[in-house]
file structure.txt (compact mmCIF, C-alpha atoms)
# COMPACT_ATOMS: atom_id res chain seq x y z
CA MET R 1 27.87 -5.24 -15.83
CA ASN R 2 26.26 -2.32 -17.63
CA LEU R 3 24.32 -0.19 -15.17
CA GLY R 4 23.62 2.76 -17.40
CA SER R 5 24.45 6.29 -16.43
CA LEU R 6 21.58 6.74 -13.95
CA GLY R 7 22.38 3.37 -12.38
CA GLN R 8 25.99 4.43 -11.92
CA ILE R 9 24.93 7.68 -10.27
CA PHE R 10 22.54 5.80 -7.97
CA PHE R 11 25.20 3.23 -7.03
CA ALA R 12 27.73 6.01 -6.41
CA ALA R 13 25.31 7.78 -4.08
CA LEU R 14 24.67 4.49 -2.28
CA LEU R 15 28.42 3.96 -1.84
CA MET R 16 28.93 7.44 -0.44
CA ILE R 17 25.96 7.24 1.94
CA THR R 18 27.14 3.85 3.20
CA ALA R 19 30.64 5.20 3.77
CA ASP R 20 29.27 8.20 5.67
CA VAL R 21 27.13 5.98 7.90
CA LEU R 22 30.13 3.73 8.52
CA ALA R 23 32.28 6.72 9.49
CA PHE R 24 29.51 8.09 11.73
CA LEU R 25 29.20 4.75 13.53
CA MET R 26 32.96 4.74 14.10
CA VAL R 27 32.84 8.26 15.55
CA LEU R 28 30.08 7.21 17.94
CA ARG R 29 32.18 4.16 18.91
CA ILE R 30 29.36 1.79 17.96
CA LEU R 31 31.90 0.21 15.60
CA GLU R 32 35.50 -0.04 16.72
CA PRO R 33 37.51 2.27 14.41
CA THR R 34 40.16 -0.02 12.99
CA LEU R 35 42.58 0.85 10.23
CA PHE R 36 40.73 -1.49 7.86
CA LEU R 37 37.36 0.17 8.51
CA CYS R 38 38.82 3.65 8.13
CA PHE R 39 40.41 2.80 4.78
CA THR R 40 37.24 1.00 3.67
CA SER R 41 35.16 4.06 4.43
CA PHE R 42 37.63 6.33 2.64
CA PHE R 43 37.84 4.19 -0.48
CA MET R 44 34.07 3.76 -0.61
CA THR R 45 33.72 7.55 -0.56
CA LEU R 46 36.43 7.99 -3.18
CA GLY R 47 34.99 5.26 -5.40
CA GLY R 48 31.50 6.72 -5.10
CA LEU R 49 32.77 10.16 -6.03
CA VAL R 50 34.66 8.90 -9.08
CA LEU R 51 31.82 6.63 -10.19
CA GLY R 52 29.34 9.48 -9.76
CA PHE R 53 31.39 11.83 -11.93
CA VAL R 54 31.80 9.14 -14.61
CA GLY R 55 28.06 8.44 -14.56
CA LEU R 56 27.26 12.14 -14.69
CA ALA R 57 29.61 12.69 -17.65
CA GLU R 58 28.08 9.72 -19.44
CA TYR R 59 24.56 11.02 -18.74
CA VAL R 60 25.42 14.46 -20.12
CA ARG R 61 27.08 12.92 -23.19
CA GLN R 62 23.99 10.81 -23.89
CA ARG R 63 21.64 13.78 -23.48
CA ARG R 64 23.69 15.99 -25.79
CA SER R 65 23.82 13.38 -28.52
CA GLY R 66 20.02 13.21 -28.55
CA ARG R 67 19.42 9.68 -27.30
call {"tool": "encode", "arguments": {"input": "structure.txt", "output": "structure tokens"}}
result
Amino acid sequence: MNLGSLGQIFFAALLMITADVLAFLMVLRILEPTLFLCFTSFFMTLGGLVLGFVGLAEYVRQRRSGR
């Protein structure tokens, strides 16, 4: 699946926002904070951060090459 660099950045932001909302709901005890949910929130944040940096590097590379 080829999202393009801006699509990757958007999806990364969506992952990180979803993980933050999930963590916030666990802090408020609306969702029961289980080990699975905690790790899911952490890995969503980590994946979003990595995917965002990859998308940003790809975007910069495309802009510098003159596409």
call {"tool": "closest_residue", "arguments": {"input": "structure.txt", "among": "R:Gln8, R:Leu35, R:Val60, R:Ser65", "to": "R:Ala23", "atoms": "only C-alpha atoms"}}
result
R:Leu35
call {"tool": "residues_around", "arguments": {"input": "structure.txt", "residues": "R:Val50", "least_positions_apart": "6", "cutoff": "10 Å", "atoms": "only C-alpha atoms", "output": "PyMOL selection string"}}
result
chain R and resi 9+12+44+56
call {"tool": "residues_around", "arguments": {"input": "structure.txt", "residues": "R:Ile17", "least_positions_apart": "2", "cutoff": "12 Å", "atoms": "all atoms listed in the file", "output": "MDAnalysis selection string"}}
result
chainID R and resid 10:15 19:24 41:42 44:49
call {"tool": "atom_distance", "arguments": {"input": "structure.txt", "atom1": "atom CA of R:Ala57", "atom2": "atom CA of R:Ser5"}}
result
8.3 Å
call {"tool": "atom_distance", "arguments": {"input": "structure.txt", "atom1": "atom CA of R:Thr18", "atom2": "atom CA of R:Glu32"}}
result
16.4 Å
call {"tool": "atom_distance", "arguments": {"input": "structure.txt", "atom1": "atom CA of R:Gly55", "atom2": "atom CA of R:Leu6"}}
result
6.7 Å
call {"tool": "decode", "arguments": {"input": "structure.txt", "residues": "chain R", "atoms": "C-alpha atoms", "output": "PDB file, in the first residue's frame"}}
result
ATOM      1  CA  MET R   1       0.000   0.000   0.000  1.00  0.00           C
ATOM      2  CA  ASN R   2       1.606   3.228  -1.173  1.00  0.00           C
ATOM      3  CA  LEU R   3       0.257   6.156   0.817  1.00  0.00           C
ATOM      4  CA  GLY R   4       2.689   8.790  -0.334  1.00  0.00           C
ATOM      5  CA  SER R   5       4.658  10.915   2.050  1.00  0.00           C
ATOM      6  CA  LEU R   6       1.778  13.190   3.087  1.00  0.00           C
ATOM      7  CA  GLY R   7      -0.473  10.161   3.574  1.00  0.00           C
ATOM      8  CA  GLN R   8       2.140   8.591   5.835  1.00  0.00           C
ATOM      9  CA  ILE R   9       2.403  11.759   7.902  1.00  0.00           C
ATOM     10  CA  PHE R  10      -1.390  11.969   8.193  1.00  0.00           C
ATOM     11  CA  PHE R  11      -1.687   8.297   9.202  1.00  0.00           C
ATOM     12  CA  ALA R  12       1.120   8.731  11.744  1.00  0.00           C
ATOM     13  CA  ALA R  13      -0.662  11.705  13.298  1.00  0.00           C
ATOM     14  CA  LEU R  14      -3.879   9.689  13.409  1.00  0.00           C
ATOM     15  CA  LEU R  15      -2.074   6.824  15.165  1.00  0.00           C
ATOM     16  CA  MET R  16      -0.558   9.135  17.754  1.00  0.00           C
ATOM     17  CA  ILE R  17      -3.815  10.980  18.443  1.00  0.00           C
ATOM     18  CA  THR R  18      -5.671   7.677  18.825  1.00  0.00           C
ATOM     19  CA  ALA R  19      -3.028   6.396  21.231  1.00  0.00           C
ATOM     20  CA  ASP R  20      -3.234   9.592  23.292  1.00  0.00           C
ATOM     21  CA  VAL R  21      -7.024   9.380  23.502  1.00  0.00           C
ATOM     22  CA  LEU R  22      -6.748   5.724  24.499  1.00  0.00           C
ATOM     23  CA  ALA R  23      -4.254   6.571  27.244  1.00  0.00           C
ATOM     24  CA  PHE R  24      -6.427   9.469  28.440  1.00  0.00           C
ATOM     25  CA  LEU R  25      -9.474   7.193  28.671  1.00  0.00           C
ATOM     26  CA  MET R  26      -7.438   4.726  30.725  1.00  0.00           C
ATOM     27  CA  VAL R  27      -6.320   7.473  33.105  1.00  0.00           C
ATOM     28  CA  LEU R  28      -9.927   8.552  33.596  1.00  0.00           C
ATOM     29  CA  ARG R  29     -10.857   4.893  34.231  1.00  0.00           C
ATOM     30  CA  ILE R  30     -13.431   4.948  31.438  1.00  0.00           C
ATOM     31  CA  LEU R  31     -11.459   2.043  29.978  1.00  0.00           C
ATOM     32  CA  GLU R  32      -9.955  -0.498  32.332  1.00  0.00           C
ATOM     33  CA  PRO R  33      -6.152  -0.125  32.032  1.00  0.00           C
ATOM     34  CA  THR R  34      -5.010  -3.626  31.155  1.00  0.00           C
ATOM     35  CA  LEU R  35      -1.508  -4.618  30.148  1.00  0.00           C
ATOM     36  CA  PHE R  36      -2.692  -5.204  26.574  1.00  0.00           C
ATOM     37  CA  LEU R  37      -4.223  -1.714  26.284  1.00  0.00           C
ATOM     38  CA  CYS R  38      -1.146  -0.072  27.779  1.00  0.00           C
ATOM     39  CA  PHE R  39       1.183  -1.817  25.333  1.00  0.00           C
ATOM     40  CA  THR R  40      -1.209  -1.116  22.456  1.00  0.00           C
ATOM     41  CA  SER R  41      -1.204   2.579  23.285  1.00  0.00           C
ATOM     42  CA  PHE R  42       2.587   2.622  23.599  1.00  0.00           C
ATOM     43  CA  PHE R  43       3.206   0.816  20.324  1.00  0.00           C
ATOM     44  CA  MET R  44       0.677   2.978  18.491  1.00  0.00           C
ATOM     45  CA  THR R  45       2.560   6.050  19.694  1.00  0.00           C
ATOM     46  CA  LEU R  46       5.922   4.547  18.771  1.00  0.00           C
ATOM     47  CA  GLY R  47       4.689   3.403  15.365  1.00  0.00           C
ATOM     48  CA  GLY R  48       3.173   6.804  14.660  1.00  0.00           C
ATOM     49  CA  LEU R  49       6.402   8.544  15.598  1.00  0.00           C
ATOM     50  CA  VAL R  50       8.529   6.289  13.393  1.00  0.00           C
ATOM     51  CA  LEU R  51       6.072   6.431  10.490  1.00  0.00           C
ATOM     52  CA  GLY R  52       5.898  10.220  10.799  1.00  0.00           C
ATOM     53  CA  PHE R  53       9.673  10.587  10.644  1.00  0.00           C
ATOM     54  CA  VAL R  54       9.868   8.250   7.634  1.00  0.00           C
ATOM     55  CA  GLY R  55       7.113  10.188   5.876  1.00  0.00           C
ATOM     56  CA  LEU R  56       8.765  13.493   6.704  1.00  0.00           C
ATOM     57  CA  ALA R  57      12.145  12.299   5.391  1.00  0.00           C
ATOM     58  CA  GLU R  58      10.485  11.046   2.219  1.00  0.00           C
ATOM     59  CA  TYR R  59       8.638  14.358   1.784  1.00  0.00           C
ATOM     60  CA  VAL R  60      11.861  16.348   2.173  1.00  0.00           C
ATOM     61  CA  ARG R  61      13.694  14.043  -0.242  1.00  0.00           C
ATOM     62  CA  GLN R  62      10.960  14.470  -2.852  1.00  0.00           C
ATOM     63  CA  ARG R  63      10.933  18.263  -2.468  1.00  0.00           C
ATOM     64  CA  ARG R  64      14.710  18.534  -2.784  1.00  0.00           C
ATOM     65  CA  SER R  65      14.809  16.430  -5.925  1.00  0.00           C
ATOM     66  CA  GLY R  66      12.349  18.809  -7.593  1.00  0.00           C
ATOM     67  CA  ARG R  67       9.310  16.571  -8.022  1.00  0.00           C
TER      68      ARG R  67
END
